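K.L.:
Next comes my_file-v3.cif, mmCIF, N, CA and C atoms:
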```cif
data_target
#
loop_
_atom_site.group_PDB
_atom_site.id
_atom_site.type_symbol
_atom_site.label_atom_id
_atom_site.label_comp_id
_atom_site.auth_asym_id
_atom_site.auth_seq_id
_atom_site.Cartn_x
_atom_site.Cartn_y
_atom_site.Cartn_z
ATOM 1 N N MET A 1 -62.737 11.091 -59.200
ATOM 2 C CA MET A 1 -62.548 9.964 -60.090
ATOM 3 C C MET A 1 -62.794 8.697 -59.278
ATOM 4 N N LYS A 2 -63.429 7.738 -59.913
ATOM 5 C CA LYS A 2 -63.699 6.475 -59.230
ATOM 6 C C LYS A 2 -63.261 5.324 -60.116
ATOM 7 N N LYS A 3 -63.117 4.157 -59.512
ATOM 8 C CA LYS A 3 -62.752 2.967 -60.274
ATOM 9 C C LYS A 3 -63.921 2.002 -60.254
ATOM 10 N N ASP A 4 -64.165 1.353 -61.398
ATOM 11 C CA ASP A 4 -65.257 0.384 -61.473
ATOM 12 C C ASP A 4 -64.776 -0.980 -60.993
ATOM 13 N N LYS A 5 -65.613 -1.998 -61.158
ATOM 14 C CA LYS A 5 -65.281 -3.336 -60.656
ATOM 15 C C LYS A 5 -64.063 -3.945 -61.346
ATOM 16 N N ASN A 6 -63.724 -3.466 -62.546
ATOM 17 C CA ASN A 6 -62.551 -3.963 -63.259
ATOM 18 C C ASN A 6 -61.338 -3.081 -63.018
ATOM 19 N N ASN A 7 -61.434 -2.204 -62.004
ATOM 20 C CA ASN A 7 -60.348 -1.316 -61.628
ATOM 21 C C ASN A 7 -60.020 -0.314 -62.739
ATOM 22 N N LYS A 8 -61.042 0.065 -63.536
ATOM 23 C CA LYS A 8 -60.875 1.061 -64.586
ATOM 24 C C LYS A 8 -61.367 2.406 -64.058
ATOM 25 N N MET A 9 -60.697 3.473 -64.456
ATOM 26 C CA MET A 9 -61.058 4.796 -63.979
ATOM 27 C C MET A 9 -62.237 5.353 -64.773
ATOM 28 N N SER A 10 -63.096 6.103 -64.095
ATOM 29 C CA SER A 10 -64.185 6.773 -64.789
ATOM 30 C C SER A 10 -64.608 8.002 -64.005
ATOM 31 N N ILE A 11 -65.174 8.958 -64.716
ATOM 32 C CA ILE A 11 -65.736 10.158 -64.110
ATOM 33 C C ILE A 11 -67.123 10.331 -64.691
ATOM 34 N N ALA A 12 -68.102 10.593 -63.860
ATOM 35 C CA ALA A 12 -69.453 10.872 -64.335
ATOM 36 C C ALA A 12 -69.878 12.204 -63.731
ATOM 37 N N GLU A 13 -70.388 13.108 -64.559
ATOM 38 C CA GLU A 13 -70.827 14.415 -64.092
ATOM 39 C C GLU A 13 -72.246 14.663 -64.559
ATOM 40 N N GLN A 14 -73.021 15.330 -63.719
ATOM 41 C CA GLN A 14 -74.393 15.699 -64.061
ATOM 42 C C GLN A 14 -74.432 17.216 -64.196
ATOM 43 N N TYR A 15 -75.042 17.693 -65.278
ATOM 44 C CA TYR A 15 -75.145 19.117 -65.532
ATOM 45 C C TYR A 15 -76.583 19.581 -65.355
ATOM 46 N N PRO A 16 -76.782 20.862 -65.017
ATOM 47 C CA PRO A 16 -78.132 21.367 -64.746
ATOM 48 C C PRO A 16 -79.108 21.267 -65.918
ATOM 49 N N ASP A 17 -78.622 21.262 -67.143
ATOM 50 C CA ASP A 17 -79.522 21.198 -68.297
ATOM 51 C C ASP A 17 -80.061 19.790 -68.552
ATOM 52 N N GLY A 18 -79.769 18.853 -67.658
ATOM 53 C CA GLY A 18 -80.300 17.505 -67.793
ATOM 54 C C GLY A 18 -79.359 16.546 -68.491
ATOM 55 N N TYR A 19 -78.226 17.014 -68.978
ATOM 56 C CA TYR A 19 -77.275 16.144 -69.652
ATOM 57 C C TYR A 19 -76.294 15.565 -68.649
ATOM 58 N N SER A 20 -75.848 14.375 -68.913
ATOM 59 C CA SER A 20 -74.783 13.796 -68.101
ATOM 60 C C SER A 20 -73.658 13.400 -69.033
ATOM 61 N N ILE A 21 -72.450 13.514 -68.550
ATOM 62 C CA ILE A 21 -71.275 13.112 -69.329
ATOM 63 C C ILE A 21 -70.509 12.093 -68.504
ATOM 64 N N GLU A 22 -70.158 11.003 -69.148
ATOM 65 C CA GLU A 22 -69.381 9.963 -68.486
ATOM 66 C C GLU A 22 -68.073 9.807 -69.242
ATOM 67 N N TRP A 23 -66.986 9.841 -68.538
ATOM 68 C CA TRP A 23 -65.663 9.661 -69.119
ATOM 69 C C TRP A 23 -65.110 8.364 -68.574
ATOM 70 N N ARG A 24 -64.654 7.489 -69.456
ATOM 71 C CA ARG A 24 -64.090 6.211 -69.026
ATOM 72 C C ARG A 24 -62.767 5.977 -69.746
ATOM 73 N N LYS A 25 -61.812 5.439 -69.044
ATOM 74 C CA LYS A 25 -60.545 5.068 -69.659
ATOM 75 C C LYS A 25 -60.444 3.553 -69.615
ATOM 76 N N LEU A 26 -60.494 2.922 -70.786
ATOM 77 C CA LEU A 26 -60.411 1.473 -70.888
ATOM 78 C C LEU A 26 -59.333 1.121 -71.899
ATOM 79 N N ASP A 27 -58.441 0.273 -71.520
ATOM 80 C CA ASP A 27 -57.388 -0.190 -72.430
ATOM 81 C C ASP A 27 -56.686 0.972 -73.118
ATOM 82 N N ASP A 28 -56.336 1.976 -72.351
ATOM 83 C CA ASP A 28 -55.650 3.172 -72.842
ATOM 84 C C ASP A 28 -56.450 3.947 -73.888
ATOM 85 N N GLN A 29 -57.756 3.768 -73.921
ATOM 86 C CA GLN A 29 -58.646 4.536 -74.794
ATOM 87 C C GLN A 29 -59.584 5.338 -73.905
ATOM 88 N N VAL A 30 -59.937 6.520 -74.324
ATOM 89 C CA VAL A 30 -60.873 7.344 -73.564
ATOM 90 C C VAL A 30 -62.190 7.369 -74.311
ATOM 91 N N TYR A 31 -63.282 7.052 -73.633
ATOM 92 C CA TYR A 31 -64.616 7.048 -74.211
ATOM 93 C C TYR A 31 -65.443 8.106 -73.494
ATOM 94 N N ILE A 32 -66.143 8.907 -74.252
ATOM 95 C CA ILE A 32 -67.013 9.920 -73.658
ATOM 96 C C ILE A 32 -68.429 9.634 -74.108
ATOM 97 N N ASN A 33 -69.338 9.560 -73.158
ATOM 98 C CA ASN A 33 -70.747 9.300 -73.438
ATOM 99 C C ASN A 33 -71.532 10.499 -72.924
ATOM 100 N N LYS A 34 -72.216 11.206 -73.832
ATOM 101 C CA LYS A 34 -73.050 12.333 -73.429
ATOM 102 C C LYS A 34 -74.484 11.986 -73.778
ATOM 103 N N GLU A 35 -75.323 11.970 -72.785
ATOM 104 C CA GLU A 35 -76.723 11.663 -73.045
ATOM 105 C C GLU A 35 -77.586 12.523 -72.155
ATOM 106 N N LYS A 36 -78.753 12.822 -72.638
ATOM 107 C CA LYS A 36 -79.691 13.622 -71.863
ATOM 108 C C LYS A 36 -80.593 12.691 -71.067
ATOM 109 N N LYS A 37 -80.673 12.952 -69.782
ATOM 110 C CA LYS A 37 -81.609 12.208 -68.945
ATOM 111 C C LYS A 37 -82.993 12.752 -69.258
ATOM 112 N N MET A 38 -83.936 11.872 -69.527
ATOM 113 C CA MET A 38 -85.264 12.339 -69.890
ATOM 114 C C MET A 38 -86.332 11.642 -69.081
ATOM 115 N N LYS A 39 -87.492 12.256 -69.082
ATOM 116 C CA LYS A 39 -88.635 11.696 -68.391
ATOM 117 C C LYS A 39 -89.165 10.517 -69.196
ATOM 118 N N PRO A 40 -89.848 9.557 -68.548
ATOM 119 C CA PRO A 40 -90.380 8.396 -69.277
ATOM 120 C C PRO A 40 -91.277 8.778 -70.450
ATOM 121 N N GLY A 41 -92.104 9.802 -70.307
ATOM 122 C CA GLY A 41 -92.975 10.230 -71.403
ATOM 123 C C GLY A 41 -92.188 10.704 -72.610
ATOM 124 N N GLU A 42 -91.083 11.404 -72.349
ATOM 125 C CA GLU A 42 -90.218 11.853 -73.443
ATOM 126 C C GLU A 42 -89.588 10.658 -74.140
ATOM 127 N N ALA A 43 -89.201 9.660 -73.372
ATOM 128 C CA ALA A 43 -88.570 8.469 -73.940
ATOM 129 C C ALA A 43 -89.549 7.721 -74.849
ATOM 130 N N ILE A 44 -90.821 7.695 -74.472
ATOM 131 C CA ILE A 44 -91.825 7.008 -75.296
ATOM 132 C C ILE A 44 -91.972 7.706 -76.644
ATOM 133 N N ILE A 45 -92.047 9.035 -76.633
ATOM 134 C CA ILE A 45 -92.174 9.787 -77.882
ATOM 135 C C ILE A 45 -90.917 9.608 -78.730
ATOM 136 N N LEU A 46 -89.752 9.657 -78.102
ATOM 137 C CA LEU A 46 -88.505 9.459 -78.836
ATOM 138 C C LEU A 46 -88.460 8.068 -79.464
ATOM 139 N N ALA A 47 -88.925 7.060 -78.739
ATOM 140 C CA ALA A 47 -88.955 5.690 -79.269
ATOM 141 C C ALA A 47 -89.935 5.570 -80.435
ATOM 142 N N ALA A 48 -91.100 6.221 -80.320
ATOM 143 C CA ALA A 48 -92.073 6.183 -81.415
ATOM 144 C C ALA A 48 -91.510 6.858 -82.658
ATOM 145 N N LYS A 49 -90.796 7.946 -82.457
ATOM 146 C CA LYS A 49 -90.169 8.652 -83.593
ATOM 147 C C LYS A 49 -89.104 7.768 -84.243
ATOM 148 N N ALA A 50 -88.273 7.139 -83.433
ATOM 149 C CA ALA A 50 -87.224 6.266 -83.970
ATOM 150 C C ALA A 50 -87.825 5.072 -84.712
ATOM 151 N N GLN A 51 -88.927 4.539 -84.185
ATOM 152 C CA GLN A 51 -89.580 3.412 -84.853
ATOM 153 C C GLN A 51 -90.108 3.834 -86.221
ATOM 154 N N ALA A 52 -90.756 4.994 -86.296
ATOM 155 C CA ALA A 52 -91.282 5.472 -87.577
ATOM 156 C C ALA A 52 -90.148 5.726 -88.563
ATOM 157 N N GLU A 53 -89.060 6.321 -88.102
ATOM 158 C CA GLU A 53 -87.908 6.560 -88.978
ATOM 159 C C GLU A 53 -87.326 5.242 -89.479
ATOM 160 N N GLY A 54 -87.277 4.240 -88.601
ATOM 161 C CA GLY A 54 -86.784 2.923 -89.005
ATOM 162 C C GLY A 54 -87.685 2.252 -90.023
ATOM 163 N N GLU A 55 -88.997 2.381 -89.834
ATOM 164 C CA GLU A 55 -89.940 1.808 -90.797
ATOM 165 C C GLU A 55 -89.771 2.451 -92.168
ATOM 166 N N ILE A 56 -89.600 3.761 -92.190
ATOM 167 C CA ILE A 56 -89.387 4.449 -93.468
ATOM 168 C C ILE A 56 -88.135 3.913 -94.150
ATOM 169 N N ALA A 57 -87.065 3.745 -93.395
ATOM 170 C CA ALA A 57 -85.817 3.237 -93.967
ATOM 171 C C ALA A 57 -85.988 1.828 -94.523
ATOM 172 N N VAL A 58 -86.726 0.969 -93.807
ATOM 173 C CA VAL A 58 -86.947 -0.408 -94.264
ATOM 174 C C VAL A 58 -87.736 -0.426 -95.570
ATOM 175 N N HIS A 59 -88.820 0.338 -95.613
ATOM 176 C CA HIS A 59 -89.663 0.328 -96.816
ATOM 177 C C HIS A 59 -88.950 0.981 -98.004
ATOM 178 N N LYS A 60 -88.138 1.984 -97.734
ATOM 179 C CA LYS A 60 -87.336 2.598 -98.801
ATOM 180 C C LYS A 60 -86.334 1.579 -99.350
ATOM 181 N N ALA A 61 -85.711 0.819 -98.468
ATOM 182 C CA ALA A 61 -84.760 -0.211 -98.904
ATOM 183 C C ALA A 61 -85.467 -1.279 -99.739
ATOM 184 N N ASN A 62 -86.678 -1.662 -99.337
ATOM 185 C CA ASN A 62 -87.438 -2.640 -100.112
ATOM 186 C C ASN A 62 -87.720 -2.131 -101.521
ATOM 187 N N ILE A 63 -88.106 -0.858 -101.621
ATOM 188 C CA ILE A 63 -88.370 -0.276 -102.946
ATOM 189 C C ILE A 63 -87.102 -0.273 -103.781
ATOM 190 N N MET A 64 -85.971 0.026 -103.156
ATOM 191 C CA MET A 64 -84.701 0.017 -103.900
ATOM 192 C C MET A 64 -84.371 -1.381 -104.417
ATOM 193 N N VAL A 65 -84.714 -2.405 -103.639
ATOM 194 C CA VAL A 65 -84.513 -3.784 -104.104
ATOM 195 C C VAL A 65 -85.404 -4.055 -105.305
ATOM 196 N N TYR A 66 -86.660 -3.644 -105.224
ATOM 197 C CA TYR A 66 -87.580 -3.825 -106.359
ATOM 198 C C TYR A 66 -87.053 -3.110 -107.596
ATOM 199 N N GLN A 67 -86.448 -1.955 -107.423
ATOM 200 C CA GLN A 67 -85.924 -1.196 -108.555
ATOM 201 C C GLN A 67 -84.729 -1.883 -109.210
ATOM 202 N N THR A 68 -83.909 -2.524 -108.411
ATOM 203 C CA THR A 68 -82.693 -3.124 -108.964
ATOM 204 C C THR A 68 -82.862 -4.580 -109.374
ATOM 205 N N MET A 69 -83.788 -5.310 -108.712
ATOM 206 C CA MET A 69 -83.964 -6.733 -109.007
ATOM 207 C C MET A 69 -85.447 -7.110 -109.040
ATOM 208 N N PRO A 70 -86.249 -6.538 -109.904
ATOM 209 C CA PRO A 70 -87.685 -6.837 -109.893
ATOM 210 C C PRO A 70 -88.005 -8.299 -110.194
ATOM 211 N N ALA A 71 -87.180 -8.970 -110.954
ATOM 212 C CA ALA A 71 -87.439 -10.378 -111.294
ATOM 213 C C ALA A 71 -87.075 -11.303 -110.138
ATOM 214 N N GLY A 72 -86.281 -10.795 -109.190
ATOM 215 C CA GLY A 72 -85.818 -11.632 -108.088
ATOM 216 C C GLY A 72 -86.790 -11.723 -106.934
ATOM 217 N N ILE A 73 -87.939 -11.101 -107.043
ATOM 218 C CA ILE A 73 -88.924 -11.115 -105.971
ATOM 219 C C ILE A 73 -90.018 -12.104 -106.343
ATOM 220 N N GLY A 74 -89.866 -13.341 -105.936
ATOM 221 C CA GLY A 74 -90.770 -14.409 -106.352
ATOM 222 C C GLY A 74 -92.196 -14.263 -105.872
ATOM 223 N N GLU A 75 -92.387 -13.761 -104.662
ATOM 224 C CA GLU A 75 -93.742 -13.684 -104.111
ATOM 225 C C GLU A 75 -94.529 -12.493 -104.645
ATOM 226 N N HIS A 76 -93.872 -11.583 -105.346
ATOM 227 C CA HIS A 76 -94.540 -10.401 -105.887
ATOM 228 C C HIS A 76 -94.436 -10.410 -107.414
ATOM 229 N N SER A 77 -95.426 -10.946 -108.058
ATOM 230 C CA SER A 77 -95.401 -10.967 -109.517
ATOM 231 C C SER A 77 -95.725 -9.583 -110.077
ATOM 232 N N ASP A 78 -96.483 -8.772 -109.340
ATOM 233 C CA ASP A 78 -96.800 -7.419 -109.767
ATOM 234 C C ASP A 78 -95.922 -6.460 -108.965
ATOM 235 N N VAL A 79 -94.770 -6.120 -109.535
ATOM 236 C CA VAL A 79 -93.798 -5.286 -108.836
ATOM 237 C C VAL A 79 -94.369 -3.903 -108.559
ATOM 238 N N THR A 80 -95.134 -3.358 -109.492
ATOM 239 C CA THR A 80 -95.727 -2.036 -109.288
ATOM 240 C C THR A 80 -96.621 -2.038 -108.055
ATOM 241 N N GLU A 81 -97.453 -3.062 -107.924
ATOM 242 C CA GLU A 81 -98.330 -3.157 -106.760
ATOM 243 C C GLU A 81 -97.516 -3.305 -105.470
ATOM 244 N N ALA A 82 -96.444 -4.063 -105.529
ATOM 245 C CA ALA A 82 -95.589 -4.237 -104.352
ATOM 246 C C ALA A 82 -94.949 -2.907 -103.946
ATOM 247 N N VAL A 83 -94.517 -2.122 -104.927
ATOM 248 C CA VAL A 83 -93.928 -0.813 -104.635
ATOM 249 C C VAL A 83 -94.984 0.111 -104.030
ATOM 250 N N ILE A 84 -96.189 0.071 -104.564
ATOM 251 C CA ILE A 84 -97.278 0.901 -104.029
ATOM 252 C C ILE A 84 -97.569 0.523 -102.577
ATOM 253 N N GLU A 85 -97.550 -0.757 -102.256
ATOM 254 C CA GLU A 85 -97.758 -1.197 -100.876
ATOM 255 C C GLU A 85 -96.655 -0.649 -99.958
ATOM 256 N N GLU A 86 -95.416 -0.690 -100.436
ATOM 257 C CA GLU A 86 -94.305 -0.151 -99.645
ATOM 258 C C GLU A 86 -94.467 1.356 -99.456
ATOM 259 N N LEU A 87 -94.883 2.062 -100.505
ATOM 260 C CA LEU A 87 -95.104 3.505 -100.403
ATOM 261 C C LEU A 87 -96.211 3.822 -99.406
ATOM 262 N N ASP A 88 -97.274 3.018 -99.406
ATOM 263 C CA ASP A 88 -98.363 3.215 -98.440
ATOM 264 C C ASP A 88 -97.854 3.053 -97.005
ATOM 265 N N LYS A 89 -97.000 2.063 -96.798
ATOM 266 C CA LYS A 89 -96.441 1.852 -95.460
ATOM 267 C C LYS A 89 -95.509 3.010 -95.070
ATOM 268 N N MET A 90 -94.734 3.503 -96.040
ATOM 269 C CA MET A 90 -93.881 4.662 -95.784
ATOM 270 C C MET A 90 -94.728 5.880 -95.422
ATOM 271 N N ALA A 91 -95.843 6.065 -96.142
ATOM 272 C CA ALA A 91 -96.715 7.212 -95.891
ATOM 273 C C ALA A 91 -97.295 7.157 -94.481
ATOM 274 N N ALA A 92 -97.680 5.976 -94.030
ATOM 275 C CA ALA A 92 -98.225 5.839 -92.670
ATOM 276 C C ALA A 92 -97.176 6.220 -91.633
ATOM 277 N N ALA A 93 -95.947 5.762 -91.832
ATOM 278 C CA ALA A 93 -94.869 6.102 -90.897
ATOM 279 C C ALA A 93 -94.544 7.592 -90.960
ATOM 280 N N ALA A 94 -94.558 8.165 -92.153
ATOM 281 C CA ALA A 94 -94.304 9.598 -92.305
ATOM 282 C C ALA A 94 -95.408 10.421 -91.633
ATOM 283 N N ASP A 95 -96.637 9.953 -91.708
ATOM 284 C CA ASP A 95 -97.745 10.628 -91.025
ATOM 285 C C ASP A 95 -97.527 10.624 -89.513
ATOM 286 N N ARG A 96 -97.044 9.485 -88.982
ATOM 287 C CA ARG A 96 -96.758 9.412 -87.554
ATOM 288 C C ARG A 96 -95.672 10.408 -87.160
ATOM 289 N N LEU A 97 -94.627 10.491 -87.997
ATOM 290 C CA LEU A 97 -93.563 11.458 -87.728
ATOM 291 C C LEU A 97 -94.108 12.883 -87.725
ATOM 292 N N GLU A 98 -94.963 13.178 -88.679
ATOM 293 C CA GLU A 98 -95.558 14.511 -88.761
ATOM 294 C C GLU A 98 -96.374 14.821 -87.509
ATOM 295 N N MET A 99 -97.143 13.858 -87.024
ATOM 296 C CA MET A 99 -97.943 14.066 -85.812
ATOM 297 C C MET A 99 -97.054 14.266 -84.589
ATOM 298 N N ILE A 100 -95.971 13.505 -84.504
ATOM 299 C CA ILE A 100 -95.039 13.658 -83.392
ATOM 300 C C ILE A 100 -94.437 15.063 -83.408
ATOM 301 N N GLU A 101 -94.002 15.505 -84.586
ATOM 302 C CA GLU A 101 -93.408 16.835 -84.700
ATOM 303 C C GLU A 101 -94.435 17.925 -84.394
ATOM 304 N N LYS A 102 -95.652 17.758 -84.857
ATOM 305 C CA LYS A 102 -96.677 18.778 -84.690
ATOM 306 C C LYS A 102 -97.149 18.890 -83.235
ATOM 307 N N TYR A 103 -97.347 17.766 -82.566
ATOM 308 C CA TYR A 103 -97.955 17.786 -81.251
ATOM 309 C C TYR A 103 -97.013 17.522 -80.084
ATOM 310 N N PHE A 104 -95.830 16.977 -80.338
ATOM 311 C CA PHE A 104 -94.968 16.591 -79.220
ATOM 312 C C PHE A 104 -93.563 17.153 -79.272
ATOM 313 N N SER A 105 -93.219 17.948 -80.282
ATOM 314 C CA SER A 105 -91.860 18.501 -80.312
ATOM 315 C C SER A 105 -91.810 19.739 -79.436
ATOM 316 N N SER A 106 -90.675 19.937 -78.848
ATOM 317 C CA SER A 106 -90.560 21.084 -77.947
ATOM 318 C C SER A 106 -89.825 22.231 -78.576
#
```
Output the file's structure as structure tokens, nothing else.

P.N.:
Amino acid sequence: MKKDKNNKMSIAEQYPDGYSIEWRKLDDQVYINKEKKMKPGEAIILAAKAQAEGEIAVHKANIMVYQTMPAGIGEHSDVTEAVIEELDKMAAAADRLEMIEKYFSS
């Protein structure tokens, strides 16, 4: 067990499968952080996947706004066309996810 600069106790362990676990006691609370150490190339693919998933969520939220408040979107007089544009953007992100899964998943 070691103490950090704020005199708080912590334990960090590395496991053979590449995961590390950090245990910290702060303000009488125990926090456990488990994360896998990965190679930079893996991190890039993971980031690209997260970005595509985030884009899908954003465009889905936009469509939901169009569904609930179509008159409230001043810059889009043609709501159907605006929804189609959002769907096209979702499809592009979904295609990226499919490529990541097909060629880079382990």

K.L.:
Please list, as a PyMOL selection string, the residues that have an atom at most 12 Å away from (-90.3, 11.0, -93.1) in the coordinates of this file, counting only C-alpha atoms.

P.N.:
chain A and resi 49-60+87+89-101

K.L.:
Please provide the set of residues having any atom within 6.5 Å of segment 67-70 of chain A, restricted to only N, CA and C atoms, with same-chain residues fewer than 4 positions apart removed, written as a list in words.

P.N.:
Asn62, Ile63 and Val79 of chain A

K.L.:
Please indicate the distance in Å from atom C of Glu86 of chain A to atom C of Leu46 of chain A, rounded to one decimal place.

P.N.:
21.9 Å

K.L.:
Find the axis-aligned box for segment 77-85 of chain A, covering all its listed atoms and adding 6 Å on each side, and write its centre and edge lengths in Å to one decimal as JSON.

P.N.:
```
{"center_x": -96.1, "center_y": -5.0, "center_z": -105.0, "size_x": 16.5, "size_y": 23.9, "size_z": 22.1}
```

K.L.:
Give me, please, the distance in Å between atom CA of Tyr66 of chain A and atom CA of Val83 of chain A, quoted to one decimal.

P.N.:
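For atom CA of Tyr66 of chain A relative to atom CA of Val83 of chain A, the distance reads 7.2 Å.
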
K.L.:
Just give me the gap between atom C of Ile45 of chain A and atom CA of Asp88 of chain A in Å, one decimal is fine.

P.N.:
22.0 Å

K.L.:
Considering only helix (DSSP H, G or I) as DSSP defines it on the backbone, what residues of segment 54-91 of chain A qualify? List them as an NGL selection string.

P.N.:
:A and (54-68 or 70-72 or 79-91)
